[in-house]
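Asker: Mind looking over this structure? Questions follow.
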Amino acid sequence: MKNMMYSQAYEAAREKARALLSKMTLTEKIGQLSQFGTSIYSDNEQRFEDHFSEGKVGSYLTIKGAGKTNGIQKDLLKATRTPIPALFADDVIHGYRTTFPTPLAQSCSWDPELTRQCNGIAAKEAYRAGLKWTFAPMVDIARDPRWGRIMEGYGEDTYLCSRFAEAAVRGFQGDGDRPGKDHIYACMKHYAAYGACVGGRDYNTADMSPQTLQDVYLPPFRAGVEAGAATVMSAFNDVNGVPATANRYLLKDVLREQFGFRGFVVSDAGAIGELIAHGYAEDGGDAAEKAFNAGVDMVMAGDLYNDTFPALIKEGKIKEEDVDESVFSILTLKYFIGLFDEPYVDPSGEDCFFCPEHRAAARKAGAECAVLLENDGILPLSGVKSVALAGPLSSEEGKHHLLGGWSCSSDSAYTVSIKDGLTAALPGARVDVLPCDRFDGVTEENIEKAAQAAKGYDVIVACVGETAFMSGEAASRSELGLPGLQEKLVLALCATGKPVVCLVSSGRPLVLTGIKDKVNALMMIWQPGTEAGNSVADLLTGRVCPSGRLTASFPYRAGQIPVYYNHTSTGRPALGNWVFESKYRDCQIEPLYPFGYGGSYTNFEFSDISISSDSMSADGCIDVSLTVRNVGSYAGADVVQIYVRDLVGSRVRPVKELKAFEKVFLRPGESKRVKIPLPASRLAFTGVDMKQTVEPGKFFLWVSERSDDERYKFEFEVN
Ligand code: BGC
């Protein structure tokens, strides 16, 4: 894979950076390592003017829009002795203005190319607004849906997340030798293991074996670095007792030495100062010293480096050569993206926001990410003359939440509501919104009213779930049922005897056990973005056949969490043979819906399945071949999922691990021969000696449609 951080263009940028560096004062150098947010600017303009003239500003976050960024850039360049344009950054997480499904939803497409395209559009819109850098993708493995930030990443599986990490980086930065016009820098976050926060409580400790860190949490970062990610963000949490933001092992030994990362590291917002609260640093100076010496090049939001570095250098606690190295990486990236040649953007470029092409991509993505969980045949709807929409996400009010968290730069006025989407898709049909169409309006009284009114319609579509703010940062939950009285609403609608299609919109997996068998169809639409209503209408009317598959297990009960498919083998697996097994006394051990699960309107058959050999060497490869046939009557896509199990290892191995997948689109009756390579290198794991090796021995291999599908099992050996 091409890595632009090793291109000739990058070398040329380095040369220019080196030349500029030699002309800078120490104050100016430290300024390049400092990033500021809007509040500082608006609260104290005088201070900012002083900062400009002294060259104390390297980057901004959350200042956006061509007009604004151009204005600030102009003031900055005019005021400073050594004019160095600022790098404008923002959280462009799942779209900039045109909003796409959340990253977790995107991963359910099992189509990394979709993410590459969405991020390409996001980058273009962001670039046109003067931004050159996004704080995305988040590639934290998340096995705990209590953690609100599970919505920002690509789910619970390391292999899948790694493929999405690469695609996400390439989408933002482009595929060229350098990120030219309409591309922006990616920033992989939150390095590292943020998703492993104990109890799903945000900002909490991550404590795990170093092998789990290497094998489960770090590979997506490595994949992103190899795809050319220019920057990385250090996380808030501590990892095995050392805060990630002062973690030399992670930032230097692993990121730079092991992965070959060449860009720069920015701290998460305020994370350096928080070393004090962690009890890892005494004061600001101590925190700055520890973070910088560990490898955090840029401080997010504030003057900590500006204020403390001169003394730290004087006292010999940090070295000026190291400051030079960090500044050098930042200047290199400023040259590399063409910031010195073109520090401003053309405001007319903002015309592309919400343009038909971008909206069409969002509509397609919204439909591709949904996961059909249940369907008794009611879907796709046909011959329907009247639809009752119920629940807080159905209406004009509710549409704001369909953008999901981290859609800070979007505008929900442009969002298509489910009512509008369905009305347009069902010409001639009556589509009405019943009471309970606001989150604060789901009351006993309104439930009763909605259920009464619903009786007069052919079909009921219940649109329930979370508000946009229930997931995302600082949005941990301890219960994962439908919030408030929404489950009661769904059950009351089911009791009318009318068919009920239940659409669930949320940032995270929810516990849907209470409604699963009561509704006629259940679909996880996540938070689909700007075109939400149209994407949903495409799915409900059969214009698009659902093809999403879950990338995070849905718990049967919150008490099962963490419940993820690729857990390690116990000595007493739940085989159902006796009482002393690893299981619960009060509920099933399996999740409600497993990883990889998802329905369709059509059916697929696998046949002529084979593996090219039943043995390979540690640097070999075997091919899995099969024929996939669409035996139903809708055009649609299936996801072939290849899982393996290492039967005996020098460390206890997972019961199953995804090692390859391929999404196959087929028309009715069509079949396709698929060949999926499985290189032995993917079977490597970290041993007790911390060395990564492919151990010889026997493996099971399953060709599956979901993680618990064991119909097609093979055995092979690595020798
Ligand atoms: C979040 C980051 C984000 C940053 C800047 C922090 O609170 O943890 O993910 O990029 O703010 O908005």
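Order determines the names: the first chain of the structure tokens is A, the second B, and so forth; residues in each chain are numbered 1 upward, and ligands are numbered 1 upward as they are shown.
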Write out as a ChimeraX atom specification each polymer residue (protein, DNA or RNA) that has an atom no more than 10 Å from ligand 1, with only C-alpha atoms and all ligand atoms counted.
Answerer: /A:37,61-62,89-93,134-138,149,152,187-190,194,202-203,233-236,266-271,300-301,406,408,472-474
Asker: Given the selection you just returned, output its residues as a file containing C-alpha atoms, formatted as a tab-separated table (two decimals), in the first residue's frame.
Answerer:
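Written file, again31.tsv:
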```tsv
chain	number	residue	atom	x	y	z
A	37	GLY	CA	-9.45	26.91	20.37
A	61	LEU	CA	-9.15	23.92	16.53
A	62	THR	CA	-12.85	24.39	15.90
A	89	ALA	CA	-8.23	21.58	12.65
A	90	ASP	CA	-11.64	20.29	13.63
A	91	ASP	CA	-13.55	17.14	14.50
A	92	VAL	CA	-14.72	16.02	11.08
A	93	ILE	CA	-15.90	12.66	12.29
A	134	THR	CA	-9.39	16.44	11.18
A	135	PHE	CA	-9.30	14.68	14.53
A	136	ALA	CA	-10.39	11.42	12.97
A	137	PRO	CA	-10.57	8.52	12.45
A	138	MET	CA	-11.11	7.10	15.90
A	149	ARG	CA	-17.70	6.75	22.30
A	152	GLU	CA	-17.04	7.00	16.93
A	187	CYS	CA	-5.42	12.11	13.07
A	188	MET	CA	-5.78	8.64	14.47
A	189	LYS	CA	-7.13	8.64	17.95
A	190	HIS	CA	-7.20	8.02	20.81
A	194	TYR	CA	-9.16	4.39	25.25
A	202	ASP	CA	-15.35	7.61	29.84
A	203	TYR	CA	-11.78	8.72	30.57
A	233	MET	CA	-3.73	11.96	19.13
A	234	SER	CA	-2.66	10.74	22.54
A	235	ALA	CA	-5.53	9.55	24.73
A	236	PHE	CA	-6.86	10.79	28.08
A	266	VAL	CA	-1.08	16.05	19.39
A	267	SER	CA	-2.45	15.58	22.89
A	268	ASP	CA	-6.16	15.23	23.44
A	269	ALA	CA	-7.79	18.42	24.71
A	270	GLY	CA	-6.30	19.29	28.07
A	271	ALA	CA	-4.83	15.80	28.48
A	300	MET	CA	-4.12	20.79	22.28
A	301	ALA	CA	-5.83	23.87	23.55
A	406	TRP	CA	-20.07	14.69	16.62
A	408	CYS	CA	-20.93	19.74	15.18
A	472	GLY	CA	-20.32	10.29	22.13
A	473	GLU	CA	-17.90	11.82	24.61
A	474	ALA	CA	-18.84	11.75	28.31
```
Asker: Please provide the set of residues having any atom within 9 Å of Ile84 (chain A), restricted to only C-alpha atoms, with same-chain residues fewer than 6 positions apart removed, written as an NGL selection string.
Answerer: :A and (32 or 55 or 58 or 76-77 or 331 or 334 or 339-340)
Asker: Find the spatial neighbours of Ala206 (chain A), counting only C-alpha atoms, within a cut-off of 8 Å - ignore same-chain residues fewer than 3 positions away - and output them as a PyMOL selection string.
Answerer: chain A and resi 193-198+237-240
Asker: Please identify the helix (DSSP H, G or I) residues within region 528-564 of chain A (assignment by DSSP from backbone atoms) and present them as an MDAnalysis selection string.
Answerer: chainID A and resid 532:540 558:560
Asker: Since we have the selection now, will you write its residues out, keeping N, CA, C and O atoms, as a PDB file, in the first residue's frame?
Answerer:
```
ATOM      1  N   ALA A 532     -31.119  10.822   6.268  1.00  0.00           N
ATOM      2  CA  ALA A 532     -31.728   9.758   7.066  1.00  0.00           C
ATOM      3  C   ALA A 532     -33.079   9.261   6.524  1.00  0.00           C
ATOM      4  O   ALA A 532     -33.260   8.068   6.269  1.00  0.00           O
ATOM      5  N   GLY A 533     -34.022  10.172   6.355  1.00  0.00           N
ATOM      6  CA  GLY A 533     -35.375   9.772   5.953  1.00  0.00           C
ATOM      7  C   GLY A 533     -35.389   9.068   4.605  1.00  0.00           C
ATOM      8  O   GLY A 533     -36.124   8.095   4.408  1.00  0.00           O
ATOM      9  N   ASN A 534     -34.570   9.545   3.679  1.00  0.00           N
ATOM     10  CA  ASN A 534     -34.538   8.899   2.361  1.00  0.00           C
ATOM     11  C   ASN A 534     -33.865   7.527   2.429  1.00  0.00           C
ATOM     12  O   ASN A 534     -34.317   6.577   1.778  1.00  0.00           O
ATOM     13  N   SER A 535     -32.813   7.423   3.211  1.00  0.00           N
ATOM     14  CA  SER A 535     -32.136   6.119   3.344  1.00  0.00           C
ATOM     15  C   SER A 535     -33.110   5.106   3.939  1.00  0.00           C
ATOM     16  O   SER A 535     -33.204   3.961   3.468  1.00  0.00           O
ATOM     17  N   VAL A 536     -33.829   5.528   4.965  1.00  0.00           N
ATOM     18  CA  VAL A 536     -34.773   4.623   5.622  1.00  0.00           C
ATOM     19  C   VAL A 536     -35.891   4.235   4.655  1.00  0.00           C
ATOM     20  O   VAL A 536     -36.277   3.062   4.548  1.00  0.00           O
ATOM     21  N   ALA A 537     -36.391   5.213   3.914  1.00  0.00           N
ATOM     22  CA  ALA A 537     -37.469   4.922   2.959  1.00  0.00           C
ATOM     23  C   ALA A 537     -36.984   3.938   1.892  1.00  0.00           C
ATOM     24  O   ALA A 537     -37.719   3.025   1.490  1.00  0.00           O
ATOM     25  N   ASP A 538     -35.737   4.096   1.455  1.00  0.00           N
ATOM     26  CA  ASP A 538     -35.187   3.165   0.456  1.00  0.00           C
ATOM     27  C   ASP A 538     -35.206   1.732   0.998  1.00  0.00           C
ATOM     28  O   ASP A 538     -35.495   0.781   0.266  1.00  0.00           O
ATOM     29  N   LEU A 539     -34.904   1.601   2.270  1.00  0.00           N
ATOM     30  CA  LEU A 539     -34.863   0.266   2.879  1.00  0.00           C
ATOM     31  C   LEU A 539     -36.272  -0.283   3.076  1.00  0.00           C
ATOM     32  O   LEU A 539     -36.562  -1.442   2.759  1.00  0.00           O
ATOM     33  N   LEU A 540     -37.165   0.551   3.585  1.00  0.00           N
ATOM     34  CA  LEU A 540     -38.508   0.047   3.909  1.00  0.00           C
ATOM     35  C   LEU A 540     -39.302  -0.310   2.651  1.00  0.00           C
ATOM     36  O   LEU A 540     -40.124  -1.217   2.667  1.00  0.00           O
ATOM     37  N   ALA A 558     -27.731  -5.942  29.928  1.00  0.00           N
ATOM     38  CA  ALA A 558     -26.551  -5.100  30.180  1.00  0.00           C
ATOM     39  C   ALA A 558     -25.549  -5.803  31.095  1.00  0.00           C
ATOM     40  O   ALA A 558     -24.335  -5.602  30.976  1.00  0.00           O
ATOM     41  N   GLY A 559     -26.046  -6.682  31.985  1.00  0.00           N
ATOM     42  CA  GLY A 559     -25.156  -7.384  32.913  1.00  0.00           C
ATOM     43  C   GLY A 559     -24.170  -8.324  32.232  1.00  0.00           C
ATOM     44  O   GLY A 559     -23.212  -8.782  32.861  1.00  0.00           O
ATOM     45  N   GLN A 560     -24.367  -8.614  30.947  1.00  0.00           N
ATOM     46  CA  GLN A 560     -23.419  -9.479  30.221  1.00  0.00           C
ATOM     47  C   GLN A 560     -22.166  -8.723  29.774  1.00  0.00           C
ATOM     48  O   GLN A 560     -21.179  -9.343  29.377  1.00  0.00           O
TER      49      GLN A 560
END
```
Asker: Find the nearest atom pair between each residue of region 69-126 of chain A and region 595-616 of chain A for residues within 12 Å, count only C-alpha atoms, give distances in Å to one decimal, sort rows by chain and ascending number, and present the table as a Markdown table.
Answerer:
```
| residue | atom | partner | partner_atom | distance |
| --- | --- | --- | --- | --- |
| A:Ser107 | CA | A:Gly596 | CA | 10.7 |
| A:Cys108 | CA | A:Gly596 | CA | 8.4 |
| A:Ser109 | CA | A:Gly598 | CA | 10.4 |
| A:Trp110 | CA | A:Gly596 | CA | 9.2 |
```
Asker: For Asn119 (chain A), which residue among A:Lys2, A:His358, A:Lys68, A:Lys518 is the nearest when counting only C-alpha atoms?
Answerer: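 Among A:Lys2, A:His358, A:Lys68, A:Lys518, it is A:His358 that comes nearest to Asn119 (chain A).
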Asker: Using the chain letters and numbers from this document, which residues of region 88-198 of chain A does DSSP assign to strand (DSSP E or B), as a PyMOL selection string?
Answerer: chain A and resi 88-90+95+99+133-134+138+185+187-191
Asker: Tell me, as a list in words, which residues lie within 10 Å of Ile30 (chain A), counting only C-alpha atoms; anything in the same chain fewer than 2 positions away does not count.
Answerer: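 Neighbouring residues, sequence-local ones excluded: Met24, Thr25, Leu26, Thr27, Glu28, Gln32, Leu33, Ser34, Gly55, Lys56, Val57, Gly58, Asp297, Met298, Asp303, Tyr305, Asn306, Asp307, Thr308, Phe309, Pro310, Glu320, Val323, Asp324, Ser326 and Val327 of chain A.
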Asker: Which residues are close to region 368-375 of chain A, i.e. within 10 Å by only C-alpha atoms, leaving aside same-chain residues fewer than 2 positions away? Reply as a PyMOL selection string.
Answerer: chain A and resi 100-111+114+362-366+377-380+501-505+516-517+519-528+535-536+539+544-550+593+597-601+637
Asker: Would you mind telling me which residue in A:Phe164, A:Tyr60, A:Phe353, A:Phe221 lies nearest to Ala126 (chain A) when using only C-alpha atoms?
Answerer: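 Looking at the shortest contact to Ala126 (chain A), the residue is A:Phe353.
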Asker: Rounded to one decimal, what separation in Å do you get between CA of Ala86 (chain A) and CA of Gln73 (chain A)?
Answerer: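 Between CA of Ala86 (chain A) and CA of Gln73 (chain A) the gap is 6.6 Å.
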